[in-house]
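structure.cif, holding mmCIF, C-alpha atoms:
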data_my_file
#
loop_
_atom_site.label_atom_id
_atom_site.label_comp_id
_atom_site.auth_asym_id
_atom_site.auth_seq_id
_atom_site.Cartn_x
_atom_site.Cartn_y
_atom_site.Cartn_z
CA MET E 1 102.84 187.52 278.66
CA ALA E 2 101.28 189.64 275.89
CA LYS E 3 100.15 193.20 276.45
CA VAL E 4 96.84 193.62 278.26
CA THR E 5 94.57 196.49 277.26
CA ALA E 6 92.13 197.86 279.83
CA ARG E 7 89.48 200.20 278.42
CA ILE E 8 87.60 203.06 280.06
CA SER E 9 84.72 203.86 277.70
CA GLY E 10 81.46 205.76 278.02
CA VAL E 11 80.42 206.51 281.59
CA ILE E 12 82.31 205.34 284.68
CA VAL E 13 79.84 203.58 286.99
CA ASP E 14 80.02 201.68 290.26
CA ASN E 15 80.23 197.91 290.67
CA PHE E 16 76.46 197.45 290.71
CA TYR E 17 76.43 197.62 286.90
CA ASP E 18 79.01 194.83 286.49
CA ASP E 19 76.28 192.30 285.90
CA LEU E 20 74.94 190.17 283.06
CA PHE E 21 71.91 192.47 282.86
CA PHE E 22 74.21 195.31 281.73
CA GLN E 23 76.56 193.14 279.66
CA ASP E 24 75.37 194.62 276.37
CA LEU E 25 76.05 198.18 277.56
CA ILE E 26 79.51 197.16 278.77
CA ASP E 27 80.40 195.36 275.52
CA LYS E 28 79.33 198.39 273.46
CA GLY E 29 81.41 200.75 275.58
CA VAL E 30 78.41 202.69 276.87
CA ILE E 31 79.45 202.15 280.50
CA THR E 32 82.57 200.97 282.32
CA PRO E 33 82.03 199.47 285.79
CA ALA E 34 85.01 200.02 288.10
CA SER E 35 85.15 196.32 288.97
CA ARG E 36 85.43 195.34 285.30
CA PHE E 37 88.36 197.72 284.76
CA ILE E 38 90.09 196.51 287.95
CA PHE E 39 89.71 192.89 286.78
CA GLN E 40 91.32 193.74 283.42
CA VAL E 41 94.24 195.48 285.15
CA ALA E 42 94.82 192.45 287.37
CA GLN E 43 95.36 190.24 284.30
CA ALA E 44 98.51 192.13 283.25
CA THR E 45 102.02 191.19 284.36
CA ASP E 46 104.55 192.56 281.84
CA GLU E 47 102.73 195.34 279.99
CA LEU E 48 99.49 197.23 280.60
CA GLU E 49 97.86 199.73 278.25
CA VAL E 50 94.94 201.88 279.46
CA ARG E 51 92.81 203.47 276.73
CA ILE E 52 90.44 206.25 277.79
CA ASN E 53 87.49 207.52 275.79
CA SER E 54 85.06 208.57 278.53
CA TYR E 55 82.77 211.38 279.65
CA GLY E 56 83.60 210.60 283.29
CA GLY E 57 81.06 209.52 285.84
CA ASP E 58 81.09 208.40 289.46
CA VAL E 59 84.12 210.03 291.13
CA PHE E 60 84.52 207.33 293.81
CA SER E 61 84.44 204.56 291.21
CA GLY E 62 87.08 206.53 289.30
CA ASN E 63 89.18 206.75 292.47
CA SER E 64 89.04 202.97 292.94
CA MET E 65 90.29 202.55 289.35
CA ILE E 66 93.16 204.96 290.06
CA ILE E 67 94.08 203.00 293.20
CA ALA E 68 94.10 199.78 291.13
CA LEU E 69 96.52 201.36 288.64
CA ARG E 70 98.83 202.60 291.40
CA SER E 71 98.77 199.25 293.17
CA TRP E 72 99.56 197.46 289.91
CA ALA E 73 102.47 199.80 289.17
CA SER E 74 103.87 199.24 292.66
CA ALA E 75 103.56 195.45 292.31
CA HIS E 76 105.16 195.47 288.83
CA PRO E 77 107.93 198.10 288.98
CA LYS E 78 109.67 196.77 285.87
CA ALA E 79 106.49 196.43 283.81
CA LYS E 80 105.47 198.94 281.15
CA LEU E 81 102.41 201.12 281.84
CA SER E 82 100.97 203.34 279.11
CA ILE E 83 97.84 205.50 279.03
CA VAL E 84 96.26 206.64 275.75
CA VAL E 85 93.60 209.36 275.63
CA GLU E 86 91.50 208.86 272.54
CA ALA E 87 88.79 211.46 271.78
CA ILE E 88 87.99 212.61 275.31
CA ALA E 89 88.84 212.19 278.98
CA LEU E 90 86.39 214.33 280.94
CA SER E 91 85.65 214.82 284.64
CA ALA E 92 86.35 211.60 286.57
CA ALA E 93 88.17 210.19 283.52
CA ALA E 94 90.43 213.25 283.49
CA ASN E 95 91.24 212.62 287.16
CA ILE E 96 92.97 209.41 286.10
CA LEU E 97 95.60 211.45 284.25
CA ALA E 98 96.14 213.67 287.27
CA MET E 99 96.40 210.79 289.75
CA ALA E 100 97.98 208.08 287.58
CA PRO E 101 101.37 206.68 288.59
CA LYS E 102 104.22 208.95 287.51
CA SER E 103 105.81 205.96 285.76
CA ALA E 104 102.94 205.84 283.27
CA HIS E 105 103.63 207.06 279.74
CA VAL E 106 100.67 209.19 278.59
CA SER E 107 99.93 209.69 274.89
CA VAL E 108 97.18 211.76 273.27
CA TYR E 109 95.95 212.30 269.73
CA GLU E 110 96.00 215.62 267.92
CA ASN E 111 92.30 216.17 268.55
CA SER E 112 92.11 214.69 272.05
CA LEU E 113 90.48 216.84 274.74
CA VAL E 114 90.67 216.67 278.52
CA MET E 115 88.31 218.55 280.87
CA TYR E 116 88.37 219.24 284.62
CA HIS E 117 85.54 220.67 286.71
CA SER E 118 84.02 220.54 290.17
CA CYS E 119 82.24 217.40 291.26
CA SER E 120 78.48 217.61 291.81
CA THR E 121 75.86 215.67 293.72
CA PHE E 122 72.27 215.59 294.95
CA THR E 123 71.34 215.84 298.62
CA ALA E 124 68.13 215.47 300.60
CA GLY E 125 67.52 216.72 304.10
CA GLY E 126 68.01 219.84 306.17
CA PRO E 127 70.79 222.47 306.15
CA GLY E 128 73.17 220.09 307.91
CA ALA E 129 72.92 217.47 305.16
CA HIS E 130 73.65 220.07 302.48
CA LYS E 131 76.58 221.46 304.45
CA ASP E 132 78.06 217.98 304.84
CA ALA E 133 77.69 217.32 301.09
CA ALA E 134 79.36 220.67 300.30
CA ALA E 135 82.25 219.84 302.63
CA LEU E 136 82.67 216.42 300.98
CA MET E 137 82.72 217.91 297.48
CA GLU E 138 85.31 220.48 298.60
CA LYS E 139 87.58 217.65 299.81
CA VAL E 140 87.19 215.78 296.51
CA ASN E 141 88.01 218.90 294.50
CA ASN E 142 91.01 219.77 296.68
CA SER E 143 92.51 216.29 296.25
CA ILE E 144 92.39 216.64 292.44
CA ILE E 145 93.77 220.19 292.53
CA SER E 146 96.59 219.01 294.76
CA MET E 147 97.49 216.20 292.33
CA LEU E 148 97.49 218.63 289.39
CA GLU E 149 99.76 220.96 291.32
CA ASP E 150 102.16 218.14 292.11
CA LYS E 151 102.24 216.64 288.62
CA THR E 152 101.85 219.57 286.19
CA THR E 153 103.12 223.06 285.44
CA LEU E 154 99.61 224.51 285.23
CA ASP E 155 98.80 227.92 286.71
CA MET E 156 97.13 226.88 289.94
CA ALA E 157 95.09 230.08 290.21
CA LYS E 158 93.55 229.17 286.87
CA VAL E 159 93.07 225.56 287.95
CA THR E 160 91.25 226.68 291.09
CA GLU E 161 88.82 228.65 288.91
CA TRP E 162 88.06 225.47 286.94
CA PHE E 163 86.70 223.89 290.11
CA GLN E 164 84.27 226.68 290.87
CA GLU E 165 80.59 225.94 290.32
CA SER E 166 79.52 225.77 286.63
CA ARG E 167 83.12 226.27 285.41
CA MET E 168 85.22 223.96 283.21
CA GLY E 169 88.86 223.71 282.26
CA TRP E 170 89.56 222.31 278.79
CA LEU E 171 93.01 221.21 277.61
CA ASP E 172 93.87 220.25 274.03
CA ALA E 173 96.71 217.95 272.95
CA LYS E 174 99.36 220.67 272.78
CA GLU E 175 98.43 222.09 276.19
CA LEU E 176 98.46 218.62 277.72
CA VAL E 177 102.05 218.06 276.61
CA GLU E 178 103.13 221.54 277.65
CA CYS E 179 101.75 221.17 281.19
CA LYS E 180 103.29 217.67 281.56
CA LEU E 181 99.97 215.80 281.76
CA ALA E 182 100.89 214.01 278.52
CA ASP E 183 104.24 212.86 277.20
CA ASP E 184 103.61 212.93 273.46
CA ILE E 185 101.06 213.38 270.66
CA ILE E 186 100.27 210.42 268.43
CA ASP E 187 100.41 211.23 264.71
CA GLY E 188 97.00 211.46 263.08
CA GLU E 189 93.61 212.19 264.56
CA SER E 190 91.99 210.01 267.16
CA ALA E 191 89.34 207.50 266.23
CA PRO E 192 86.93 205.67 268.52
CA ALA E 193 88.69 202.61 269.88
CA PRO E 194 87.21 199.22 269.00
CA HIS E 195 85.45 197.74 271.99
CA ILE E 196 86.63 194.25 271.04
CA ASP E 197 90.24 193.51 270.15
CA GLU E 198 90.20 192.86 266.41
CA THR E 199 93.22 190.55 266.68
CA ILE E 200 91.25 188.13 268.85
CA GLU E 201 88.60 185.97 267.22
CA ASP E 202 85.69 185.51 269.59
CA SER E 203 83.99 182.27 268.53
CA LYS E 204 80.69 183.31 270.14
CA LEU E 205 80.73 186.68 268.39
CA VAL E 206 81.54 185.10 265.02
CA ALA E 207 78.76 182.55 265.49
CA PHE E 208 76.32 185.34 266.36
CA TYR E 209 77.02 187.34 263.20
CA GLN E 210 76.93 184.25 261.03
CA GLY E 211 73.54 183.46 262.49
CA GLN E 212 72.31 186.97 261.75
CA GLN E 213 73.50 186.72 258.14
CA GLN E 214 71.67 183.42 257.73
CA LEU E 215 68.47 184.93 259.10
CA LEU E 216 68.73 187.81 256.65
CA ALA E 217 69.28 185.38 253.79
CA ASN E 218 66.21 183.36 254.78
CA PHE E 219 63.98 186.44 254.81
CA THR E 220 65.34 187.99 251.59
CA PRO E 221 62.39 188.36 249.15
CA ALA E 222 62.70 186.69 245.76
CA ALA E 223 62.28 190.08 244.07
CA THR E 224 65.31 191.39 245.94
CA LYS E 225 67.38 188.43 244.86
CA GLU E 226 66.37 188.96 241.24
CA ALA E 227 67.20 192.65 241.47
CA SER E 228 70.70 191.75 242.65
CA MET E 229 71.41 189.60 239.54
CA PRO E 230 74.06 190.90 237.17
CA LYS E 231 72.83 192.90 234.22
CA GLN E 232 73.88 190.21 231.72
CA GLU E 233 71.80 187.57 233.53
CA GLU E 234 68.78 189.87 233.49
CA GLU E 235 69.13 190.40 229.73
CA ASN E 236 69.36 186.64 229.14
CA LYS E 237 66.25 186.11 231.25
CA GLU E 238 64.33 188.72 229.23
CA LYS E 239 65.34 187.04 225.95
CA GLU E 240 64.11 183.68 227.20
CA GLU E 241 60.77 185.21 228.21
CA GLU E 242 60.42 186.81 224.74
CA LYS E 243 60.93 183.39 223.10
CA LYS E 244 58.18 181.94 225.25
CA ASP E 245 55.81 184.71 224.13
CA GLN E 246 56.37 184.01 220.42
CA GLN E 247 53.68 182.41 218.16
CA PRO E 248 53.44 178.67 218.89
CA THR E 249 53.98 176.30 215.97
CA GLN E 250 51.22 174.22 214.38
CA GLU E 251 52.55 171.13 216.10
CA ASP E 252 52.46 172.89 219.45
CA GLU E 253 48.92 174.09 218.84
CA GLY E 254 47.87 170.56 217.95
CA LYS E 255 49.37 169.18 221.11
CA LYS E 256 47.79 171.98 223.10
CA ASP E 257 44.32 171.33 221.64
CA GLU E 258 44.71 167.62 222.26
CA GLY E 259 45.74 168.23 225.85
CA GLU E 260 42.88 170.64 226.45
CA GLY E 261 40.42 168.16 224.95
CA LYS E 262 41.60 165.45 227.30
CA LYS E 263 41.46 167.88 230.17
CA ASP E 264 37.84 168.79 229.37
CA GLU E 265 36.79 165.18 229.03
CA GLN E 266 37.54 164.11 232.58
CA PRO E 267 38.91 165.96 235.62
CA THR E 268 42.28 164.79 236.81
CA GLN E 269 42.70 162.89 240.05
CA GLU E 270 44.20 165.97 241.68
CA GLU E 271 41.22 168.15 240.73
CA GLY E 272 38.82 165.51 242.09
CA LYS E 273 40.71 165.47 245.34
CA LYS E 274 40.51 169.26 245.55
CA ASP E 275 36.74 169.21 244.91
CA GLU E 276 36.31 166.68 247.72
CA GLU E 277 38.27 168.88 250.10
CA ASP E 278 36.17 171.91 249.10
CA LYS E 279 32.98 169.97 249.82
CA LYS E 280 34.23 168.93 253.25
CA GLU E 281 35.21 172.51 254.04
CA CYS E 282 31.80 173.79 252.90
CA GLU E 283 30.03 171.21 255.03
CA GLN E 284 32.12 172.17 258.04
CA LEU E 285 31.26 175.86 257.52
CA LYS E 286 27.57 174.99 257.38
CA GLN E 287 27.82 173.10 260.66
CA GLU E 288 29.64 175.98 262.31
CA ASN E 289 27.03 178.42 260.99
CA ALA E 290 24.19 176.30 262.38
CA GLN E 291 25.94 176.08 265.74
CA LEU E 292 26.40 179.86 265.87
CA LYS E 293 22.74 180.36 264.96
CA GLN E 294 21.67 178.04 267.77
CA GLU E 295 23.89 179.90 270.24
CA LEU E 296 22.34 183.20 269.11
CA ASP E 297 18.82 181.84 269.63
CA ASP E 298 19.80 180.64 273.12
CA LEU E 299 21.13 184.09 273.97
CA LYS E 300 17.91 185.72 272.77
CA GLN E 301 15.87 183.39 275.02
CA GLN E 302 18.12 184.15 277.97
CA LEU E 303 17.72 187.89 277.33
CA ALA E 304 13.95 187.62 277.17
CA ALA E 305 13.89 185.60 280.41
CA SER E 306 16.12 188.18 282.11
CA GLN E 307 13.87 191.05 281.00
CA GLU E 308 10.85 189.22 282.37
CA LYS E 309 12.59 188.70 285.72
CA ILE E 310 13.54 192.39 285.88
CA GLN E 311 9.93 193.44 285.27
CA LYS E 312 8.71 191.14 288.03
CA LEU E 313 11.36 192.33 290.47
CA THR E 314 10.69 196.03 289.79
CA ALA E 315 6.92 195.71 289.92
CA GLY E 316 5.66 198.01 292.66
CA PHE E 317 9.10 199.54 293.10
CA ARG E 318 7.50 202.96 292.88
CA HIS E 319 3.93 204.10 293.72
CA THR E 320 1.17 202.70 291.54
CA PRO E 321 0.12 205.38 289.04
CA SER E 322 -3.38 206.73 289.03
CA ALA E 323 -5.67 205.58 286.24
CA GLN E 324 -6.59 209.19 285.63
CA THR E 325 -4.44 211.72 283.73
CA PRO E 326 -1.93 212.97 286.32
CA THR E 327 -2.69 216.51 287.40
CA THR E 328 -1.47 216.86 290.97
CA PHE E 329 2.16 216.58 291.97
CA GLN E 330 1.44 213.26 293.68
CA GLN E 331 -0.21 211.82 290.57
CA LYS E 332 2.73 212.89 288.45
CA VAL E 333 5.04 211.13 290.86
CA GLU E 334 2.93 207.99 290.73
CA ALA E 335 3.11 208.09 286.92
CA LEU E 336 6.87 207.58 287.12
CA LYS E 337 6.41 203.92 287.98
CA GLY E 338 8.43 201.57 285.79
CA LYS E 339 11.39 203.89 285.34
CA SER E 340 14.85 202.86 286.46
CA PRO E 341 16.03 204.37 289.78
CA ALA E 342 18.33 206.83 288.00
CA ASP E 343 15.62 207.91 285.53
CA TRP E 344 13.07 208.12 288.32
CA ASP E 345 15.29 210.41 290.39
CA ALA E 346 15.98 212.66 287.40
CA ALA E 347 12.26 212.92 286.55
CA PHE E 348 11.36 213.64 290.19
CA ILE E 349 13.90 216.49 290.34
CA ALA E 350 12.44 217.92 287.13
CA LEU E 351 8.94 217.82 288.64
CA MET E 352 10.22 219.49 291.80
CA LYS E 353 11.66 222.38 289.78
CA GLU E 354 8.53 222.61 287.61
CA ASP E 355 6.05 222.67 290.53
CA PRO E 356 7.75 223.79 293.76
CA GLU E 357 4.40 224.41 295.53
CA GLY E 358 3.14 220.97 294.65
CA TYR E 359 6.43 219.54 295.87
CA LYS E 360 5.98 221.26 299.27
CA GLN E 361 2.43 219.95 299.63
CA TYR E 362 3.56 216.46 298.60
CA MET E 363 6.36 216.47 301.17
CA ASN E 364 4.04 217.83 303.93
CA LYS E 365 1.68 214.92 303.35
CA LYS E 366 4.58 212.54 303.68
#

Could you show the structure in this file as structure tokens?
Amino acid sequence: MAKVTARISGVIVDNFYDDLFFQDLIDKGVITPASRFIFQVAQATDELEVRINSYGGDVFSGNSMIIALRSWASAHPKAKLSIVVEAIALSAAANILAMAPKSAHVSVYENSLVMYHSCSTFTAGGPGAHKDAAALMEKVNNSIISMLEDKTTLDMAKVTEWFQESRMGWLDAKELVECKLADDIIDGESAPAPHIDETIEDSKLVAFYQGQQQLLANFTPAATKEASMPKQEEENKEKEEEKKDQQPTQEDEGKKDEGEGKKDEQPTQEEGKKDEEDKKECEQLKQENAQLKQELDDLKQQLAASQEKIQKLTAGFRHTPSAQTPTTFQQKVEALKGKSPADWDAAFIALMKEDPEGYKQYMNKK
């Protein structure tokens, strides 16, 4: 069977993201669900290549990927297993190098970088919850440190410092080979790995891009197409336009005058048809205008009827005003008849502030 390539790109996430909803992110290499990687590994029988270009992510998802690699190596002892670090293998992605089967051949590029650091998490709850989370993170860190101690020649005192809070341990290509995390350096600098094997023609992908090209062609403006014409074709077009602009011959003028005379004598059938359509459209607009006018008149009548009802309903809502010019506080209050409740209240408050004595007498009478 041909070589199978399993890719770890972008951010390592749990199995929840291995869904059609996230298919676009997976195809573009933005995320790598653990279940997707494990499925790719399971397809290999004779040769498996793992290519890493990842910032890391969920440590437990990374651990399940490592277990899949180890299980595969145990089940296929004679098969070839190779790991290639492209630009980066950080955090949980770096753990794969530390915990990968010892039979794996690890290659890096000249500008590849690997980084180790302490895991991190969020907790909610009391002191006990935070203590439990801290104990869990310590176990995770210790397992990685132990693997690095077993597999590499790194100074373990220095490695332990990498796993302190807010610390990082970076290793370049040369250091990776020296400490036995990598076996060799690939000539040339690393480049982002293609997310789709270029040797395999995906009929759906080809159809998609062909469809996009056709859409672009359909929406290409005529001016753009003309601008893309070769220079020679443009010059020929200009010459043809200049010939058209030249003085017409006497014969042409005669034909032109004759044609214009015939045109003036009687409108063509097409022009008559257009005039008929214009008349129909004008008549339709008139009918619509009349209908709108009638609707407007109906609305005006409804408004007038509503105003009349409001006046009848609010009649006597407040005290009847005195026929005389209001002088006392009570007369001024009676003069507020006809105002809306909100306006009446505002005017009453103004009167109360203006004539506090009158207000007291008015209230005492009440």

request  = List every protein, DNA or RNA residue that has at least one atom no more than 7 Å from (78.8, 202.5, 281.5) in the file's coordinates, counting only C-alpha atoms, and write the result as an MDAnalysis selection string.
outcome  = chainID E and resid 10:13 25:26 29:33

message = I need the residue nearest Ser107 of chain E from this list: E:Gly62, E:Ala182, E:Ala87, E:Glu161. Use all atoms listed in the file for the distance.
response = E:Ala182

query = What does the distance from atom CA of Val84 of chain E to atom CA of Arg51 of chain E come to in Å, to one decimal?
reply =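 So the answer is 4.8 Å.
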
task = Given the file shown, determine the residues that the PyMOL selection byres ((chain E and resi 73) around 12) selects; report them as a PyMOL selection string.
result = chain E and resi 41-42+44-49+66-72+74-82+100-105

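The gap separating atom CA of Thr5 of chain E from atom CA of Lys180 of chain E is 23.3 Å, in Å to one decimal.
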
Build an axis-aligned box that encloses every atom of segment 118-134 of chain E listed in the file, pad it by 4 Å on each side, and report its centre and edge lengths in Å to one decimal, as JSON.
{"center_x": 75.8, "center_y": 219.0, "center_z": 299.0, "size_x": 24.5, "size_y": 15.0, "size_z": 25.7}

task = I would like the residues chosen by the PyMOL selection byres ((chain E and resi 113-117) around 9) on the shown file; could you give them as a VMD selection string?
result = chain E and resid 85 to 95 108 to 112 118 to 119 141 159 161 to 173 176

inquiry  = For a test of reading the model, state the distance in Å between atom CA of Asp155 of chain E and atom CA of Met99 of chain E, rounded to one decimal.
reply    =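 Value for the atom CA of Asp155 of chain E-atom CA of Met99 of chain E distance: 17.6 Å.
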
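In this comparison, which uses only C-alpha atoms, the residue of E:Phe60, E:Phe16, E:Phe348, E:Phe37 approaching Lys332 of chain E most closely is E:Phe348.
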
Residues within 8 Å of Thr123 of chain E, only C-alpha atoms, excluding chain neighbours under 3 positions, as a list in words = Ala129, His130 and Ala133 of chain E

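Shell of Ile349 of chain E at 12 Å, with all atoms listed in the file counted and residues fewer than 5 places along the chain excluded, is Phe329, Lys332, Val333, Leu336, Ala342, Asp343, Trp344, Glu354, Asp355, Pro356 and Tyr359 of chain E.
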
task = Give the answer as one residue: which of E:Val4, E:Ser143, E:Leu351, E:Ser9 has the shortest atom-to-atom distance to Val59 of chain E, using only C-alpha atoms?
result =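 Of E:Val4, E:Ser143, E:Leu351, E:Ser9, the one nearest Val59 of chain E is E:Ser143, counting only C-alpha atoms.
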
Could you give me segment 76-88 of chain E completed to N, CA and C atoms, formatted as a PDB file, in the coordinates of the input?
ATOM      1  N   HIS E  76     104.418 195.819 290.048  1.00  0.00           N
ATOM      2  CA  HIS E  76     105.160 195.470 288.830  1.00  0.00           C
ATOM      3  C   HIS E  76     106.064 196.651 288.445  1.00  0.00           C
ATOM      4  N   PRO E  77     107.100 196.914 289.232  1.00  0.00           N
ATOM      5  CA  PRO E  77     107.930 198.100 288.980  1.00  0.00           C
ATOM      6  C   PRO E  77     108.681 198.061 287.654  1.00  0.00           C
ATOM      7  N   LYS E  78     108.941 196.872 287.135  1.00  0.00           N
ATOM      8  CA  LYS E  78     109.670 196.770 285.870  1.00  0.00           C
ATOM      9  C   LYS E  78     108.738 196.652 284.664  1.00  0.00           C
ATOM     10  N   ALA E  79     107.455 196.574 284.907  1.00  0.00           N
ATOM     11  CA  ALA E  79     106.490 196.430 283.810  1.00  0.00           C
ATOM     12  C   ALA E  79     106.235 197.782 283.138  1.00  0.00           C
ATOM     13  N   LYS E  80     105.744 197.724 281.920  1.00  0.00           N
ATOM     14  CA  LYS E  80     105.470 198.940 281.150  1.00  0.00           C
ATOM     15  C   LYS E  80     104.000 199.323 281.315  1.00  0.00           C
ATOM     16  N   LEU E  81     103.774 200.589 281.672  1.00  0.00           N
ATOM     17  CA  LEU E  81     102.410 201.120 281.840  1.00  0.00           C
ATOM     18  C   LEU E  81     102.222 202.311 280.920  1.00  0.00           C
ATOM     19  N   SER E  82     101.254 202.236 280.036  1.00  0.00           N
ATOM     20  CA  SER E  82     100.970 203.340 279.110  1.00  0.00           C
ATOM     21  C   SER E  82      99.493 203.691 279.168  1.00  0.00           C
ATOM     22  N   ILE E  83      99.218 204.998 279.038  1.00  0.00           N
ATOM     23  CA  ILE E  83      97.840 205.500 279.030  1.00  0.00           C
ATOM     24  C   ILE E  83      97.645 206.269 277.734  1.00  0.00           C
ATOM     25  N   VAL E  84      96.569 205.962 277.011  1.00  0.00           N
ATOM     26  CA  VAL E  84      96.260 206.640 275.750  1.00  0.00           C
ATOM     27  C   VAL E  84      94.898 207.299 275.868  1.00  0.00           C
ATOM     28  N   VAL E  85      94.871 208.630 275.667  1.00  0.00           N
ATOM     29  CA  VAL E  85      93.600 209.360 275.630  1.00  0.00           C
ATOM     30  C   VAL E  85      93.159 209.413 274.181  1.00  0.00           C
ATOM     31  N   GLU E  86      91.992 208.857 273.920  1.00  0.00           N
ATOM     32  CA  GLU E  86      91.500 208.860 272.540  1.00  0.00           C
ATOM     33  C   GLU E  86      90.779 210.192 272.277  1.00  0.00           C
ATOM     34  N   ALA E  87      89.474 210.197 272.094  1.00  0.00           N
ATOM     35  CA  ALA E  87      88.790 211.460 271.780  1.00  0.00           C
ATOM     36  C   ALA E  87      88.685 212.367 272.997  1.00  0.00           C
ATOM     37  N   ILE E  88      88.258 211.787 274.129  1.00  0.00           N
ATOM     38  CA  ILE E  88      87.990 212.610 275.310  1.00  0.00           C
ATOM     39  C   ILE E  88      88.358 211.884 276.591  1.00  0.00           C
TER      40      ILE E  88
END
